[in-house]
$ cat final_31.cif   # mmCIF, C-alpha atoms
data_upload
loop_
_atom_site.label_atom_id
_atom_site.label_comp_id
_atom_site.auth_asym_id
_atom_site.auth_seq_id
_atom_site.Cartn_x
_atom_site.Cartn_y
_atom_site.Cartn_z
CA MET V 1340 27.06 -23.74 28.12
CA ARG V 1341 24.77 -26.31 26.53
CA ILE V 1342 23.06 -25.41 23.29
CA SER V 1343 20.64 -27.17 21.01
CA LEU V 1344 19.83 -26.51 17.38
CA CYS V 1345 17.21 -27.26 14.77
CA PHE V 1346 16.71 -26.08 11.21
CA MET V 1347 14.11 -26.16 8.46
CA PHE V 1348 14.00 -24.98 4.86
CA VAL V 1349 10.74 -24.75 2.96
CA ILE V 1350 9.98 -24.04 -0.68
CA ALA V 1351 6.30 -24.07 -1.55
CA LEU V 1352 4.97 -27.31 -0.01
CA ILE V 1353 8.25 -29.25 -0.04
CA ALA V 1354 10.11 -29.40 3.24
CA LEU V 1355 13.50 -30.51 4.45
CA VAL V 1356 13.73 -31.04 8.18
CA GLY V 1357 16.65 -31.84 10.41
CA CYS V 1358 17.08 -31.51 14.15
CA GLY V 1359 19.96 -32.10 16.52
CA ARG V 1360 20.44 -32.10 20.27
CA ASP V 1361 23.56 -32.66 22.28
CA ASP V 1362 21.73 -34.32 25.18
CA ASP V 1363 23.04 -37.84 25.71
CA ASP V 1364 19.70 -39.01 27.08
CA VAL V 1365 17.60 -37.89 24.09
CA SER V 1366 16.97 -40.04 21.04
CA LEU V 1367 17.49 -37.93 17.92
CA PRO V 1368 14.90 -38.01 15.14
CA ALA V 1369 16.36 -38.95 11.77
CA PRO V 1370 16.35 -36.19 9.15
CA VAL V 1371 13.40 -36.44 6.78
CA SER V 1372 13.33 -35.30 3.16
CA THR V 1373 10.70 -35.32 0.45
CA LEU V 1374 13.29 -34.34 -2.14
CA PRO V 1375 15.60 -36.70 -4.06
CA PRO V 1376 18.65 -37.56 -1.96
CA THR V 1377 21.77 -35.55 -2.63
CA THR V 1378 25.39 -36.24 -1.85
CA PRO V 1379 26.35 -34.30 1.28
CA PRO V 1380 29.20 -31.83 0.81
CA THR V 1381 32.56 -33.21 1.80
CA GLN V 1382 34.47 -31.47 4.55
CA PRO V 1383 38.22 -30.87 4.34
CA GLU V 1384 40.27 -33.09 6.62
CA THR V 1385 41.54 -30.02 8.45
CA PRO V 1386 38.73 -27.45 8.32
CA GLU V 1387 39.71 -23.82 8.44
CA PRO V 1388 38.31 -21.92 11.43
CA GLU V 1389 35.56 -19.45 10.63
CA THR V 1390 36.63 -15.88 9.98
CA PRO V 1391 35.47 -13.72 12.89
CA ALA V 1392 32.49 -11.56 12.03
CA PRO V 1393 33.34 -7.94 11.16
CA SER V 1394 33.01 -5.11 13.63
CA PRO V 1395 29.83 -2.99 13.59
CA GLU V 1396 31.37 -0.17 11.59
CA ASP V 1397 32.19 -2.60 8.75
CA VAL V 1398 28.63 -3.83 8.38
CA VAL V 1399 25.67 -2.46 6.48
CA PRO V 1400 23.63 -0.46 9.04
CA LEU V 1401 21.67 -3.02 11.00
CA VAL V 1402 20.08 -0.95 13.76
CA ASN V 1403 16.74 -0.61 11.96
CA ALA V 1404 15.27 -3.68 13.60
CA GLY V 1405 11.70 -2.49 14.03
CA ASN V 1406 10.06 -3.99 17.11
CA ALA V 1407 13.04 -6.18 18.07
CA THR V 1408 14.01 -6.55 21.72
CA ASP V 1409 17.62 -6.01 22.76
CA ILE V 1410 18.48 -9.70 22.64
CA GLU V 1411 16.76 -10.11 19.27
CA ARG V 1412 18.80 -7.18 17.95
CA ALA V 1413 21.97 -8.94 19.08
CA PHE V 1414 21.10 -12.05 17.07
CA PHE V 1415 19.93 -9.94 14.12
CA TYR V 1416 23.23 -8.09 14.07
CA ALA V 1417 25.32 -11.24 14.46
CA VAL V 1418 23.53 -13.10 11.66
CA ASN V 1419 23.77 -10.14 9.29
CA ALA V 1420 27.41 -9.56 10.18
CA THR V 1421 28.08 -13.19 9.30
CA ARG V 1422 26.28 -12.86 5.97
CA VAL V 1423 28.17 -9.67 5.09
CA ALA V 1424 31.46 -11.35 6.01
CA HIS V 1425 30.62 -14.00 3.39
CA GLY V 1426 29.82 -11.45 0.71
CA LEU V 1427 26.03 -11.68 1.03
CA ASN V 1428 23.32 -9.10 1.45
CA ALA V 1429 22.27 -8.07 4.94
CA LEU V 1430 18.70 -9.15 5.63
CA ILE V 1431 15.92 -6.64 6.24
CA TRP V 1432 14.02 -6.90 9.51
CA HIS V 1433 10.32 -7.74 9.16
CA ASP V 1434 8.09 -7.09 12.18
CA ASP V 1435 5.35 -9.54 11.16
CA VAL V 1436 7.84 -12.35 10.56
CA ALA V 1437 9.32 -11.60 13.99
CA THR V 1438 5.84 -11.87 15.52
CA ALA V 1439 5.50 -15.37 14.05
CA ALA V 1440 8.97 -16.28 15.32
CA ARG V 1441 8.24 -15.07 18.86
CA ALA V 1442 5.01 -17.03 18.98
CA HIS V 1443 6.83 -20.23 18.05
CA SER V 1444 9.62 -19.66 20.59
CA GLN V 1445 7.04 -19.07 23.32
CA GLU V 1446 5.17 -22.20 22.28
CA LEU V 1447 8.38 -24.21 22.64
CA VAL V 1448 8.65 -22.92 26.21
CA ASP V 1449 4.98 -23.34 27.14
CA TYR V 1450 4.69 -26.90 25.83
CA ASP V 1451 8.29 -27.99 26.47
CA ARG V 1452 8.72 -28.88 22.79
CA TRP V 1453 11.68 -28.87 20.42
CA THR V 1454 10.33 -28.98 16.89
CA HIS V 1455 9.48 -26.85 13.86
CA GLU V 1456 5.91 -28.13 13.90
CA GLY V 1457 3.36 -26.10 15.83
CA VAL V 1458 1.11 -27.72 18.41
CA ASP V 1459 -1.70 -27.28 15.90
CA GLY V 1460 0.28 -29.03 13.18
CA SER V 1461 1.30 -25.80 11.43
CA GLY V 1462 4.53 -25.52 9.49
CA VAL V 1463 7.07 -22.74 9.12
CA ALA V 1464 5.39 -21.08 6.14
CA ASP V 1465 1.91 -21.48 7.68
CA ARG V 1466 2.82 -19.42 10.72
CA ILE V 1467 4.35 -16.66 8.61
CA ARG V 1468 1.32 -16.46 6.32
CA ARG V 1469 -0.97 -16.17 9.34
CA GLU V 1470 0.66 -12.81 9.98
CA GLY V 1471 -0.41 -11.66 6.52
CA VAL V 1472 3.00 -12.09 4.87
CA GLN V 1473 2.85 -13.55 1.37
CA ILE V 1474 5.93 -15.62 0.59
CA ASN V 1475 7.10 -18.22 -1.86
CA ALA V 1476 9.98 -19.56 0.23
CA ALA V 1477 10.81 -19.65 3.92
CA GLY V 1478 13.39 -21.14 6.26
CA GLU V 1479 13.72 -21.44 10.01
CA ASN V 1480 16.58 -21.96 12.43
CA LEU V 1481 16.04 -22.82 16.09
CA GLY V 1482 18.57 -22.40 18.84
CA ALA V 1483 18.56 -22.68 22.61
CA GLY V 1484 21.03 -21.96 25.35
CA GLU V 1485 21.60 -21.71 29.06
CA ARG V 1486 23.30 -19.53 31.66
CA LEU V 1487 21.80 -16.15 30.81
CA ASP V 1488 23.20 -15.02 34.15
CA VAL V 1489 26.74 -15.40 32.79
CA PHE V 1490 26.61 -14.55 29.08
CA SER V 1491 25.78 -11.18 27.56
CA TYR V 1492 23.22 -11.07 24.76
CA MET V 1493 25.90 -10.60 22.10
CA ASP V 1494 28.09 -13.35 23.58
CA MET V 1495 25.09 -15.67 23.49
CA ALA V 1496 24.44 -14.78 19.84
CA TRP V 1497 28.04 -15.38 18.79
CA PHE V 1498 28.12 -18.66 20.73
CA ILE V 1499 24.95 -19.99 19.10
CA ILE V 1500 26.24 -19.00 15.66
CA TYR V 1501 29.93 -19.98 15.93
CA GLY V 1502 30.12 -22.33 18.92
CA ARG V 1503 33.26 -22.96 20.92
CA ALA V 1504 36.35 -21.08 19.83
CA ASP V 1505 38.52 -24.17 20.41
CA VAL V 1506 36.36 -26.36 18.12
CA PRO V 1507 36.76 -25.48 14.41
CA ASN V 1508 33.39 -25.58 12.65
CA ASP V 1509 31.73 -26.59 15.93
CA PRO V 1510 28.87 -28.94 14.87
CA ASN V 1511 26.81 -27.62 17.79
CA SER V 1512 26.69 -24.17 16.21
CA TRP V 1513 24.62 -22.70 13.40
CA MET V 1514 27.70 -22.20 11.22
CA GLY V 1515 29.00 -25.69 11.97
CA SER V 1516 25.72 -27.41 11.10
CA PRO V 1517 25.16 -27.79 7.32
CA GLY V 1518 21.43 -27.11 7.53
CA HIS V 1519 21.68 -24.05 9.75
CA ARG V 1520 24.60 -22.68 7.77
CA ALA V 1521 22.70 -23.12 4.50
CA ASN V 1522 19.77 -21.15 5.92
CA MET V 1523 21.96 -18.36 7.28
CA LEU V 1524 23.98 -18.01 4.07
CA ASN V 1525 21.20 -18.53 1.55
CA PRO V 1526 21.61 -15.66 -0.98
CA ASP V 1527 17.91 -15.80 -1.89
CA TRP V 1528 16.64 -14.59 1.48
CA THR V 1529 15.61 -10.95 1.60
CA HIS V 1530 13.97 -10.49 5.01
CA THR V 1531 14.11 -12.04 8.44
CA GLY V 1532 12.44 -11.93 11.82
CA LEU V 1533 13.73 -13.25 15.14
CA GLY V 1534 11.75 -14.25 18.18
CA VAL V 1535 13.28 -14.98 21.58
CA ALA V 1536 11.50 -16.48 24.58
CA VAL V 1537 12.91 -17.00 28.05
CA GLY V 1538 12.45 -20.42 29.60
CA ASN V 1539 10.64 -21.14 32.83
CA ASP V 1540 11.16 -23.57 35.69
CA ASN V 1541 9.71 -26.42 33.65
CA SER V 1542 11.55 -25.84 30.38
CA ARG V 1543 14.82 -27.49 29.50
CA PHE V 1544 16.64 -24.31 28.39
CA ASP V 1545 16.98 -20.74 29.60
CA LEU V 1546 16.60 -19.20 26.16
CA TYR V 1547 14.78 -20.21 22.98
CA ILE V 1548 15.56 -18.54 19.64
CA THR V 1549 13.54 -18.85 16.44
CA GLN V 1550 14.82 -17.13 13.32
CA LYS V 1551 12.67 -17.12 10.19
CA PHE V 1552 14.03 -16.31 6.75
CA ILE V 1553 11.82 -15.36 3.82
CA HIS V 1554 11.93 -14.39 0.17
CA TYR V 1555 9.12 -12.29 -1.19
CA PRO V 1556 7.37 -13.50 -4.38
#

$ encode --input "final_31.cif" --output "C-alpha cells"
Amino acid sequence: MRISLCFMFVIALIALVGCGRDDDDVSLPAPVSTLPPTTPPTQPETPEPETPAPSPEDVVPLVNAGNATDIERAFFYAVNATRVAHGLNALIWHDDVATAARAHSQELVDYDRWTHEGVDGSGVADRIRREGVQINAAGENLGAGERLDVFSYMDMAWFIIYGRADVPNDPNSWMGSPGHRANMLNPDWTHTGLGVAVGNDNSRFDLYITQKFIHYP
C-alpha cells in the first residue's frame, strides 16, 4: 500500500512546515522554517522497533468520540493508544476541530492538492478558529493511503501510524517521521479532531486523513 504524509506545527503566528511523498515522479518541497535552525535529533545506528500499541482494555476509555465516523474513531483510538503507550495523556475529541479537519481533507480531494494551506490561503490555526475554537497552539498531520478494499479501518490506521512491520521506524509512517511523531507525542496537546475523506476517480489516493491537535489557552 502506498501512503503519503505531511505535518505542520503552529504556535501563534510562527509555523514549521514539512511535507513528504514517496512518489518517485514528484518533486518534494523543501521544509521551511521561520524559527532558528536546530540540530536534528540523532538516530541510533540500530533503531529499536516501536512497541506495539496496547490493547483497548489497557487504554483510557476512548469511545467518546462525539460525531466521529467509524474510520475516524479507528484513527482516534490508534493515536491515543500510541500516546498512552508512551506515558502521555489521551486526547479529548473535539467536534468542531473535527469539522475543520474534515473540510480540509475534502478540499484535498476536490482540488487534488497535498498541502496544509487551504485554497483560500488559510493556515491550520485559521481553519480551527473559523469553527469558533479559541486556541493558542495547533498542529496538523496529514496522511493518505490506498486499497480500502483490502485493509480494515483499524489496519489502515495502524499502517499510517507505524508503517511496515519489517521496516523499523518506517520513515513513511507518522511514528517514523520526526515531524509527525512530534505532533502525535506532544505532551501539550489536550484535544484533537480527525477528518477523513474518500478519494474520487480524479484524486491520487483512496483515503485522505487530516488530524488536528490543539491546546486551549

$ resolve_selection --input "final_31.cif" --expression "the PyMOL selection byres ((chain V and resi 1552) around 8)" --output "PyMOL selection string"
chain V and resi 1477-1479+1522+1528-1532+1550-1551+1553-1554

$ atom_distance --input "final_31.cif" --atom1 "atom CA of V:Phe1544" --atom2 "atom CA of V:Arg1452"
10.7 Å

$ resolve_selection --input "final_31.cif" --expression "the PyMOL selection byres ((chain V and resi 1457) around 12)" --output "ChimeraX atom specification"
/V:1439-1440,1442-1447,1449-1456,1458-1467

$ closest_residue --input "final_31.cif" --among "V:Asn1428, V:Asn1419, V:Asn1480, V:Asn1406" --to "V:Ala1521" --atoms "all atoms listed in the file"
V:Asn1480

$ atom_distance --input "final_31.cif" --atom1 "atom CA of V:Ala1407" --atom2 "atom CA of V:Arg1441"
10.1 Å

$ resolve_selection --input "final_31.cif" --expression "the PyMOL selection byres ((chain V and resi 1548) around 6)" --output "list in words"
Leu1481, Gly1482, Ala1483, Gly1534, Val1535, Tyr1547 and Thr1549 of chain V

$ closest_residue --input "final_31.cif" --among "V:Pro1526, V:Gln1473, V:Phe1414, V:His1425" --to "V:Phe1498" --atoms "only C-alpha atoms"
V:Phe1414

$ atom_distance --input "final_31.cif" --atom1 "atom CA of V:Ala1476" --atom2 "atom CA of V:Tyr1555"
7.5 Å

$ axis_aligned_box --input "final_31.cif" --around "stretch 1420-1435 of chain V" --padding-each-side "3 Å" --output "JSON"
{"center_x": 18.4, "center_y": -10.3, "center_z": 6.4, "size_x": 32.1, "size_y": 13.4, "size_z": 17.5}

$ residues_around --input "final_31.cif" --residues "V:Ile1410" --least-positions-apart "5" --cutoff "9 Å" --atoms "all atoms listed in the file" --output "PyMOL selection string"
chain V and resi 1415+1491-1493+1495-1496+1535

$ write_last_selection --input "final_31.cif" --atoms "C-alpha atoms" --output "PDB file, in the frame of the given file"
ATOM      1  CA  PHE V1415      19.930  -9.940  14.120  1.00  0.00           C
ATOM      2  CA  SER V1491      25.780 -11.180  27.560  1.00  0.00           C
ATOM      3  CA  TYR V1492      23.220 -11.070  24.760  1.00  0.00           C
ATOM      4  CA  MET V1493      25.900 -10.600  22.100  1.00  0.00           C
ATOM      5  CA  MET V1495      25.090 -15.670  23.490  1.00  0.00           C
ATOM      6  CA  ALA V1496      24.440 -14.780  19.840  1.00  0.00           C
ATOM      7  CA  VAL V1535      13.280 -14.980  21.580  1.00  0.00           C
TER       8      VAL V1535
END

$ closest_residue --input "final_31.cif" --among "V:Ile1500, V:Val1506, V:Val1472, V:Leu1533" --to "V:Arg1412" --atoms "all atoms listed in the file"
V:Leu1533

$ closest_residue --input "final_31.cif" --among "V:Met1514, V:Ala1429, V:Val1448, V:Ala1437" --to "V:Arg1543" --atoms "all atoms listed in the file"
V:Val1448

$ closest_residue --input "final_31.cif" --among "V:Ala1420, V:Thr1438, V:Arg1469, V:Ile1499" --to "V:Glu1485" --atoms "all atoms listed in the file"
V:Ile1499

$ closest_residue --input "final_31.cif" --among "V:Pro1507, V:Ala1404, V:Phe1490, V:Asn1475" --to "V:Leu1546" --atoms "all atoms listed in the file"
V:Phe1490

$ build_atoms --input "final_31.cif" --residues "stretch 1523-1549 of chain V" --atoms "N, CA, C and O atoms" --output "PDB file, in the coordinates of the input"
ATOM      1  N   MET V1523      21.367 -19.656   6.987  1.00  0.00           N
ATOM      2  CA  MET V1523      21.960 -18.360   7.280  1.00  0.00           C
ATOM      3  C   MET V1523      22.588 -17.723   6.050  1.00  0.00           C
ATOM      4  O   MET V1523      22.516 -16.501   5.863  1.00  0.00           O
ATOM      5  N   LEU V1524      23.221 -18.537   5.208  1.00  0.00           N
ATOM      6  CA  LEU V1524      23.980 -18.010   4.070  1.00  0.00           C
ATOM      7  C   LEU V1524      23.258 -18.196   2.746  1.00  0.00           C
ATOM      8  O   LEU V1524      23.890 -18.123   1.689  1.00  0.00           O
ATOM      9  N   ASN V1525      21.970 -18.396   2.784  1.00  0.00           N
ATOM     10  CA  ASN V1525      21.200 -18.530   1.550  1.00  0.00           C
ATOM     11  C   ASN V1525      21.100 -17.145   0.880  1.00  0.00           C
ATOM     12  O   ASN V1525      20.526 -16.221   1.459  1.00  0.00           O
ATOM     13  N   PRO V1526      21.637 -16.982  -0.330  1.00  0.00           N
ATOM     14  CA  PRO V1526      21.610 -15.660  -0.980  1.00  0.00           C
ATOM     15  C   PRO V1526      20.223 -15.224  -1.415  1.00  0.00           C
ATOM     16  O   PRO V1526      20.030 -14.050  -1.752  1.00  0.00           O
ATOM     17  N   ASP V1527      19.259 -16.141  -1.428  1.00  0.00           N
ATOM     18  CA  ASP V1527      17.910 -15.800  -1.890  1.00  0.00           C
ATOM     19  C   ASP V1527      17.066 -15.109  -0.829  1.00  0.00           C
ATOM     20  O   ASP V1527      16.059 -14.478  -1.145  1.00  0.00           O
ATOM     21  N   TRP V1528      17.446 -15.237   0.442  1.00  0.00           N
ATOM     22  CA  TRP V1528      16.640 -14.590   1.480  1.00  0.00           C
ATOM     23  C   TRP V1528      16.751 -13.076   1.380  1.00  0.00           C
ATOM     24  O   TRP V1528      17.817 -12.526   1.113  1.00  0.00           O
ATOM     25  N   THR V1529      15.636 -12.412   1.626  1.00  0.00           N
ATOM     26  CA  THR V1529      15.610 -10.950   1.600  1.00  0.00           C
ATOM     27  C   THR V1529      15.270 -10.337   2.950  1.00  0.00           C
ATOM     28  O   THR V1529      15.746  -9.256   3.278  1.00  0.00           O
ATOM     29  N   HIS V1530      14.438 -11.016   3.732  1.00  0.00           N
ATOM     30  CA  HIS V1530      13.970 -10.490   5.010  1.00  0.00           C
ATOM     31  C   HIS V1530      14.069 -11.557   6.085  1.00  0.00           C
ATOM     32  O   HIS V1530      14.131 -12.760   5.795  1.00  0.00           O
ATOM     33  N   THR V1531      14.046 -11.104   7.317  1.00  0.00           N
ATOM     34  CA  THR V1531      14.110 -12.040   8.440  1.00  0.00           C
ATOM     35  C   THR V1531      13.354 -11.460   9.629  1.00  0.00           C
ATOM     36  O   THR V1531      13.083 -10.259   9.694  1.00  0.00           O
ATOM     37  N   GLY V1532      13.023 -12.332  10.549  1.00  0.00           N
ATOM     38  CA  GLY V1532      12.440 -11.930  11.820  1.00  0.00           C
ATOM     39  C   GLY V1532      12.895 -12.917  12.877  1.00  0.00           C
ATOM     40  O   GLY V1532      12.973 -14.124  12.615  1.00  0.00           O
ATOM     41  N   LEU V1533      13.244 -12.420  14.038  1.00  0.00           N
ATOM     42  CA  LEU V1533      13.730 -13.250  15.140  1.00  0.00           C
ATOM     43  C   LEU V1533      12.760 -13.145  16.310  1.00  0.00           C
ATOM     44  O   LEU V1533      12.202 -12.078  16.577  1.00  0.00           O
ATOM     45  N   GLY V1534      12.579 -14.256  16.995  1.00  0.00           N
ATOM     46  CA  GLY V1534      11.750 -14.250  18.180  1.00  0.00           C
ATOM     47  C   GLY V1534      12.427 -15.011  19.303  1.00  0.00           C
ATOM     48  O   GLY V1534      12.808 -16.171  19.124  1.00  0.00           O
ATOM     49  N   VAL V1535      12.608 -14.369  20.432  1.00  0.00           N
ATOM     50  CA  VAL V1535      13.280 -14.980  21.580  1.00  0.00           C
ATOM     51  C   VAL V1535      12.310 -15.106  22.737  1.00  0.00           C
ATOM     52  O   VAL V1535      11.542 -14.182  23.018  1.00  0.00           O
ATOM     53  N   ALA V1536      12.327 -16.255  23.385  1.00  0.00           N
ATOM     54  CA  ALA V1536      11.500 -16.480  24.580  1.00  0.00           C
ATOM     55  C   ALA V1536      12.402 -17.004  25.690  1.00  0.00           C
ATOM     56  O   ALA V1536      13.317 -17.795  25.440  1.00  0.00           O
ATOM     57  N   VAL V1537      12.143 -16.562  26.885  1.00  0.00           N
ATOM     58  CA  VAL V1537      12.910 -17.000  28.050  1.00  0.00           C
ATOM     59  C   VAL V1537      12.218 -18.190  28.681  1.00  0.00           C
ATOM     60  O   VAL V1537      10.990 -18.203  28.837  1.00  0.00           O
ATOM     61  N   GLY V1538      13.004 -19.211  29.009  1.00  0.00           N
ATOM     62  CA  GLY V1538      12.450 -20.420  29.600  1.00  0.00           C
ATOM     63  C   GLY V1538      11.902 -20.199  30.998  1.00  0.00           C
ATOM     64  O   GLY V1538      12.133 -19.161  31.626  1.00  0.00           O
ATOM     65  N   ASN V1539      11.178 -21.197  31.467  1.00  0.00           N
ATOM     66  CA  ASN V1539      10.640 -21.140  32.830  1.00  0.00           C
ATOM     67  C   ASN V1539      11.189 -22.318  33.633  1.00  0.00           C
ATOM     68  O   ASN V1539      12.070 -23.043  33.171  1.00  0.00           O
ATOM     69  N   ASP V1540      10.654 -22.513  34.821  1.00  0.00           N
ATOM     70  CA  ASP V1540      11.160 -23.570  35.690  1.00  0.00           C
ATOM     71  C   ASP V1540      10.950 -24.968  35.112  1.00  0.00           C
ATOM     72  O   ASP V1540      11.632 -25.915  35.507  1.00  0.00           O
ATOM     73  N   ASN V1541      10.005 -25.108  34.210  1.00  0.00           N
ATOM     74  CA  ASN V1541       9.710 -26.420  33.650  1.00  0.00           C
ATOM     75  C   ASN V1541      10.339 -26.673  32.290  1.00  0.00           C
ATOM     76  O   ASN V1541      10.247 -27.784  31.762  1.00  0.00           O
ATOM     77  N   SER V1542      10.956 -25.673  31.703  1.00  0.00           N
ATOM     78  CA  SER V1542      11.550 -25.840  30.380  1.00  0.00           C
ATOM     79  C   SER V1542      12.995 -26.303  30.502  1.00  0.00           C
ATOM     80  O   SER V1542      13.652 -26.081  31.523  1.00  0.00           O
ATOM     81  N   ARG V1543      13.481 -26.907  29.445  1.00  0.00           N
ATOM     82  CA  ARG V1543      14.820 -27.490  29.500  1.00  0.00           C
ATOM     83  C   ARG V1543      15.937 -26.492  29.244  1.00  0.00           C
ATOM     84  O   ARG V1543      17.100 -26.765  29.523  1.00  0.00           O
ATOM     85  N   PHE V1544      15.620 -25.316  28.685  1.00  0.00           N
ATOM     86  CA  PHE V1544      16.640 -24.310  28.390  1.00  0.00           C
ATOM     87  C   PHE V1544      16.239 -22.968  28.981  1.00  0.00           C
ATOM     88  O   PHE V1544      15.071 -22.723  29.295  1.00  0.00           O
ATOM     89  N   ASP V1545      17.233 -22.080  29.103  1.00  0.00           N
ATOM     90  CA  ASP V1545      16.980 -20.740  29.600  1.00  0.00           C
ATOM     91  C   ASP V1545      16.490 -19.805  28.504  1.00  0.00           C
ATOM     92  O   ASP V1545      15.784 -18.836  28.770  1.00  0.00           O
ATOM     93  N   LEU V1546      16.877 -20.099  27.268  1.00  0.00           N
ATOM     94  CA  LEU V1546      16.600 -19.200  26.160  1.00  0.00           C
ATOM     95  C   LEU V1546      16.253 -19.985  24.910  1.00  0.00           C
ATOM     96  O   LEU V1546      16.922 -20.973  24.590  1.00  0.00           O
ATOM     97  N   TYR V1547      15.206 -19.570  24.216  1.00  0.00           N
ATOM     98  CA  TYR V1547      14.780 -20.210  22.980  1.00  0.00           C
ATOM     99  C   TYR V1547      14.783 -19.166  21.866  1.00  0.00           C
ATOM    100  O   TYR V1547      14.192 -18.090  22.018  1.00  0.00           O
ATOM    101  N   ILE V1548      15.444 -19.478  20.755  1.00  0.00           N
ATOM    102  CA  ILE V1548      15.560 -18.540  19.640  1.00  0.00           C
ATOM    103  C   ILE V1548      14.967 -19.171  18.383  1.00  0.00           C
ATOM    104  O   ILE V1548      15.320 -20.294  18.016  1.00  0.00           O
ATOM    105  N   THR V1549      14.055 -18.450  17.743  1.00  0.00           N
ATOM    106  CA  THR V1549      13.540 -18.850  16.440  1.00  0.00           C
ATOM    107  C   THR V1549      13.871 -17.746  15.453  1.00  0.00           C
ATOM    108  O   THR V1549      13.524 -16.582  15.690  1.00  0.00           O
TER     109      THR V1549
END
